[in-house]
Each structure stands twice: as structure tokens, then as C-alpha cells.
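> Next up is a structure, given as C-alpha cells.
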Amino acid sequence: MDPSVILDNSQKSVFHGENTTKEIFVIWSGGCDSTLLIDNLLIELKQKNDKRKVTTISFKHWQVSEQKMLCEENARAAYRHYALINDLPLGLGHTVELPKTSIVCGVNNGSCPQPAMWIANAVPIISDNTLLYAGYIKGDDFFTYNVFFNWCKVLEGLSFLYGKSITPMFPLKFNTKTNIIKQLKDKDILRLTWHCEIPRSDGSECHYCDPCQKHNESLHMVNNDNVNLHTVTK
């Protein structure tokens with residue numbers, strides 16, 4: 001598939017063309033990006049009286065600390081409760097635990113570019129004729145954007161091997177972390193997300209890791225109204 005086609009399709013609405021007949025899966029960590037993505041989808045489906053539900057896929061990965069995974073699980077549970085009491089169409093959730101024998105894509109000091117792992121392990125789970133959403137933001141990581149279209153090619157190849165038609169969807173790709181946090185804060189669901197990479201044993205954020213610093217810098221900008229909200233959609 002031509003990269004420009006992948007880029008164009010990944011920005012289109014869940015109600016665009018053939019998308020109206022496809023099942024909806026979202027890769028959900030419990031972080032800011034994927035939670036905003038899910039909330040936007042659920043509200044849109046409810047407003048349009050669309051009977052589809054959003055099915056989530058989350059991962060337990062051996063390269064991620066148990067404390068972080070627990071904090072993410074707690075965030076997802078908190079948002080599920082919020083969705084339930086607000087009658088939002090959040091469907092089943094799959095949690096996949098990857099064994100230490102699993103093949104991962106490592107860079108630098110053994111770190112794992114998460115989207116590569118997500119794509120490789122989501123395809124066997126999801127159905128045919130599916131939209132696969134992920135809260136990927138281009139500005140978060142220059143390295144991963146360099147190989148973004150390679151991921152899409154991997155998804156295309158794996159989909160063919162499994163006999164499935166899967167359309168990748170990245171509606172937040174041209175957003176920024178500050179805009180994401182502003183939208184979450186405006187919706188009053190920022191409290192239902194998690195961001196810290198190395199949380200303390202009591203479940204509080206460390207304030208020192210890179211995600212904490214980016215999150216708190218963005219939150220400071222939002223609290224001081226120093227952000228120009230701009231979301232690209234089609």
C-alpha cells in the first residue's frame with residue numbers, strides 16, 4: 001500500500017465510507033493519548049446512535065515494570081467505571097501478557113518501541129473487517145516516526161497472513177502532548193489516565209522520568225493557558 005494512502009486513511013472518521021461497517025478495536029495502555037482517543041470514539045458513537053462497541057487491547061510486557069503495569073490497569077479500571085456510569089459504549093477488553101520468550105524490537109538499552117510490539121501482537125486477536133486504533137503521536141518520538149510506515153507495512157503483511165482486513169487508524173498523529181492534555185482536562189478525565197514510566201511503590205509518579213517531565217511541562221502550559229488547541233481531523 002502506498003504510504004500516502006495509509007496516512008490519509010488513518011486520519012478518517014469512524015463514520016467515513018466503509019468504516020461504518022467495521023468493528024472497532026483500540027490499543028489502550030491507560031495513558032493520555034489512548035484514553036482520549038477512546039473517549040472521543042465513544043462519545044461520537046453515542047451521539048450518532050451507532051450500535052457498535054469499542055473493544056480494547058492492552059498488554060502486559062516483561063520489559064515494563066510491574067508497578068507501571070499496575071498503575072495503568074488502575075487507570076483503565078477507573079475509566080471503565082466512568083464509561084459505565086455515563087452510558088458510553090465501551091465493550092470487551094483483552095489483556096495480553098507477553099512471555100519473556102516473545103520477540104521484541106529493541107533499541108538503545110533494550111527499550112521497546114511500543115507500536116511495533118502492539119501491531120505484531122494485536123493482529124492475531126482482532127477480527128476481520130476491523131479498524132485498529134492506536135494513540136500514536138508523531139511528535140512523541142522521532143525514531144518511531146522514521147519507521148512509522150514500516151509498521152503499517154508489517155500490519156499489512158500480518159493481516160494478509162491471518163486472512164484479515166485491518167485498517168490502521170491514528171487520528172491523534174498530528175496532535176501534540178499539550179493539546180492532548182488540554183482536551184483531557186476540559187473533559188475532566190485527565191485524572192483517569194497514567195503517564196509515569198517508573199512510579200513509586202505507593203503508586204505516585206516519580207516526577208523525574210521523561211514521560212513525567214513532558215506531562216508536567218504540558219500541564220503547566222495548559223494551566224497557564226499557554227496552548228493553541230489544534231486538532232487535525234478528516
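Following the order of the C-alpha cells, chains are lettered A, B, ..., residues in each are numbered from 1, and ligands are numbered from 1.
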Name all residues at most 12 Å from Thr130 in chain A (count only C-alpha atoms; drop same-chain ones fewer than 2 positions away) and give them as an mmCIF file with C-alpha atoms, in the first residue's frame.

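So the final result, stored in result.cif, reads:
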data_model
loop_
_atom_site.group_PDB
_atom_site.id
_atom_site.type_symbol
_atom_site.label_atom_id
_atom_site.label_comp_id
_atom_site.auth_asym_id
_atom_site.auth_seq_id
_atom_site.Cartn_x
_atom_site.Cartn_y
_atom_site.Cartn_z
ATOM 1 C CA VAL A 14 -15.121 6.060 12.080
ATOM 2 C CA GLU A 18 -16.641 1.592 4.544
ATOM 3 C CA ASN A 19 -15.588 2.417 8.105
ATOM 4 C CA THR A 20 -19.257 2.446 9.103
ATOM 5 C CA THR A 21 -19.436 -1.359 8.764
ATOM 6 C CA LYS A 22 -16.176 -2.252 10.511
ATOM 7 C CA GLU A 23 -15.572 -3.427 14.073
ATOM 8 C CA ILE A 24 -13.600 -1.049 16.264
ATOM 9 C CA PHE A 25 -10.541 -2.119 18.257
ATOM 10 C CA VAL A 26 -8.309 0.254 20.234
ATOM 11 C CA ARG A 52 -21.014 -0.646 17.679
ATOM 12 C CA VAL A 54 -15.238 -0.296 21.223
ATOM 13 C CA THR A 55 -13.128 -3.360 22.061
ATOM 14 C CA ALA A 122 -2.753 -7.346 18.082
ATOM 15 C CA VAL A 123 -3.369 -8.937 14.682
ATOM 16 C CA ILE A 125 -6.639 -11.196 18.416
ATOM 17 C CA ILE A 126 -8.746 -8.819 16.373
ATOM 18 C CA SER A 127 -11.489 -9.739 13.939
ATOM 19 C CA ASP A 128 -11.691 -9.476 10.172
ATOM 20 C CA LEU A 132 -7.407 -0.815 14.594
ATOM 21 C CA TYR A 133 -6.903 2.445 16.506
ATOM 22 C CA SER A 159 -3.180 -9.096 8.109
ATOM 23 C CA GLY A 163 -6.605 -13.572 6.252
ATOM 24 C CA LYS A 164 -7.946 -10.386 7.820
ATOM 25 C CA SER A 165 -8.780 -6.934 6.506
ATOM 26 C CA ILE A 166 -7.408 -4.481 9.085
ATOM 27 C CA THR A 167 -7.297 -0.700 8.651
ATOM 28 C CA PRO A 168 -4.815 1.182 10.893
ATOM 29 C CA MET A 169 -6.228 4.357 12.446
#
> I'd like the neighbourhood of Cys212 in chain A as a ChimeraX atom specification, where a residue qualifies if any of its atoms comes within 12 Å (using only C-alpha atoms), though same-chain residues fewer than 5 positions away should be ignored.
/A:31-32,177,194-199,204-207,217-220
> Considering only C-alpha atoms, state which residue in the set A:Leu45, A:Thr35, A:Arg191, A:Ala134 is at the smallest distance from Pro171 in chain A.
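Of the candidates, the smallest distance to Pro171 in chain A is held by A:Ala134.
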> Point out the residue among A:Thr95, A:Asn40, A:Ser29, A:Asn216 with the least atom-to-atom distance to Ala83 in chain A, counting only C-alpha atoms.
A:Asn40
> Apply DSSP to the structure's backbone, then extract all residues of range 8-134 of chain A labelled helix (DSSP H, G or I) and return them as a PyMOL selection string.
chain A and resi 8-9+17-21+32-47+66-85+114-122
> Go ahead and write the residues just picked, C-alpha atoms, as a PDB file, in the first residue's frame.

ATOM      1  CA  ASP A   8      -4.840   9.502   4.592  1.00  0.00           C
ATOM      2  CA  ASN A   9      -6.931   6.527   5.706  1.00  0.00           C
ATOM      3  CA  GLY A  17     -17.291   5.274   3.838  1.00  0.00           C
ATOM      4  CA  GLU A  18     -16.641   1.592   4.544  1.00  0.00           C
ATOM      5  CA  ASN A  19     -15.588   2.417   8.105  1.00  0.00           C
ATOM      6  CA  THR A  20     -19.257   2.446   9.103  1.00  0.00           C
ATOM      7  CA  THR A  21     -19.436  -1.359   8.764  1.00  0.00           C
ATOM      8  CA  CYS A  32      -3.322  10.134  27.981  1.00  0.00           C
ATOM      9  CA  ASP A  33      -3.263   9.518  24.231  1.00  0.00           C
ATOM     10  CA  SER A  34      -5.144   6.224  24.056  1.00  0.00           C
ATOM     11  CA  THR A  35      -7.674   7.289  26.700  1.00  0.00           C
ATOM     12  CA  LEU A  36      -8.517  10.495  24.841  1.00  0.00           C
ATOM     13  CA  LEU A  37      -8.801   8.501  21.633  1.00  0.00           C
ATOM     14  CA  ILE A  38     -11.247   6.068  23.266  1.00  0.00           C
ATOM     15  CA  ASP A  39     -13.312   8.823  24.867  1.00  0.00           C
ATOM     16  CA  ASN A  40     -13.631  10.686  21.550  1.00  0.00           C
ATOM     17  CA  LEU A  41     -14.751   7.497  19.814  1.00  0.00           C
ATOM     18  CA  LEU A  42     -17.264   6.539  22.489  1.00  0.00           C
ATOM     19  CA  ILE A  43     -18.869   9.978  22.570  1.00  0.00           C
ATOM     20  CA  GLU A  44     -19.096  10.093  18.773  1.00  0.00           C
ATOM     21  CA  LEU A  45     -20.667   6.621  18.606  1.00  0.00           C
ATOM     22  CA  LYS A  46     -23.188   7.530  21.310  1.00  0.00           C
ATOM     23  CA  GLN A  47     -24.096  10.826  19.655  1.00  0.00           C
ATOM     24  CA  GLU A  66       5.092  -4.394  37.386  1.00  0.00           C
ATOM     25  CA  GLN A  67       4.337  -1.158  39.241  1.00  0.00           C
ATOM     26  CA  LYS A  68       3.779   0.739  35.988  1.00  0.00           C
ATOM     27  CA  MET A  69       1.534  -2.014  34.620  1.00  0.00           C
ATOM     28  CA  LEU A  70      -0.481  -1.935  37.848  1.00  0.00           C
ATOM     29  CA  CYS A  71      -0.892   1.843  37.622  1.00  0.00           C
ATOM     30  CA  GLU A  72      -2.035   1.510  34.004  1.00  0.00           C
ATOM     31  CA  GLU A  73      -4.512  -1.219  34.970  1.00  0.00           C
ATOM     32  CA  ASN A  74      -5.909   1.019  37.726  1.00  0.00           C
ATOM     33  CA  ALA A  75      -6.292   3.893  35.256  1.00  0.00           C
ATOM     34  CA  ARG A  76      -8.129   1.665  32.779  1.00  0.00           C
ATOM     35  CA  ALA A  77     -10.408   0.369  35.538  1.00  0.00           C
ATOM     36  CA  ALA A  78     -11.207   3.933  36.614  1.00  0.00           C
ATOM     37  CA  TYR A  79     -12.093   4.948  33.064  1.00  0.00           C
ATOM     38  CA  ARG A  80     -14.214   1.812  32.574  1.00  0.00           C
ATOM     39  CA  HIS A  81     -16.243   2.820  35.613  1.00  0.00           C
ATOM     40  CA  TYR A  82     -16.590   6.340  34.181  1.00  0.00           C
ATOM     41  CA  ALA A  83     -17.743   4.923  30.834  1.00  0.00           C
ATOM     42  CA  LEU A  84     -20.271   2.682  32.563  1.00  0.00           C
ATOM     43  CA  ILE A  85     -21.931   5.431  34.587  1.00  0.00           C
ATOM     44  CA  GLN A 114       5.719   0.044  21.788  1.00  0.00           C
ATOM     45  CA  PRO A 115       3.843   0.453  18.493  1.00  0.00           C
ATOM     46  CA  ALA A 116       5.985  -2.250  16.893  1.00  0.00           C
ATOM     47  CA  MET A 117       5.053  -4.631  19.707  1.00  0.00           C
ATOM     48  CA  TRP A 118       1.400  -3.560  19.617  1.00  0.00           C
ATOM     49  CA  ILE A 119       0.986  -4.252  15.921  1.00  0.00           C
ATOM     50  CA  ALA A 120       2.732  -7.615  15.960  1.00  0.00           C
ATOM     51  CA  ASN A 121       0.615  -8.947  18.820  1.00  0.00           C
ATOM     52  CA  ALA A 122      -2.753  -7.346  18.082  1.00  0.00           C
TER      53      ALA A 122
END
> Which polymer residues have any atom within 6 Å of an atom of Ile57 in chain A, counting only C-alpha atoms, with same-chain residues fewer than 2 positions away left out, as a PyMOL selection string?
chain A and resi 27-28+93-95
> When you count only C-alpha atoms, which of these residues is closest to Leu98 in chain A: A:Phe59, A:Lys12, A:Val154, A:Thr193?
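Checking each candidate against Leu98 in chain A, we get A:Phe59 as the closest.
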> At what distance in Å, to one decimal, does CA of Lys51 in chain A lie from CA of Cys152 in chain A?
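Between CA of Cys152 in chain A and CA of Lys51 in chain A the gap is 28.3 Å.
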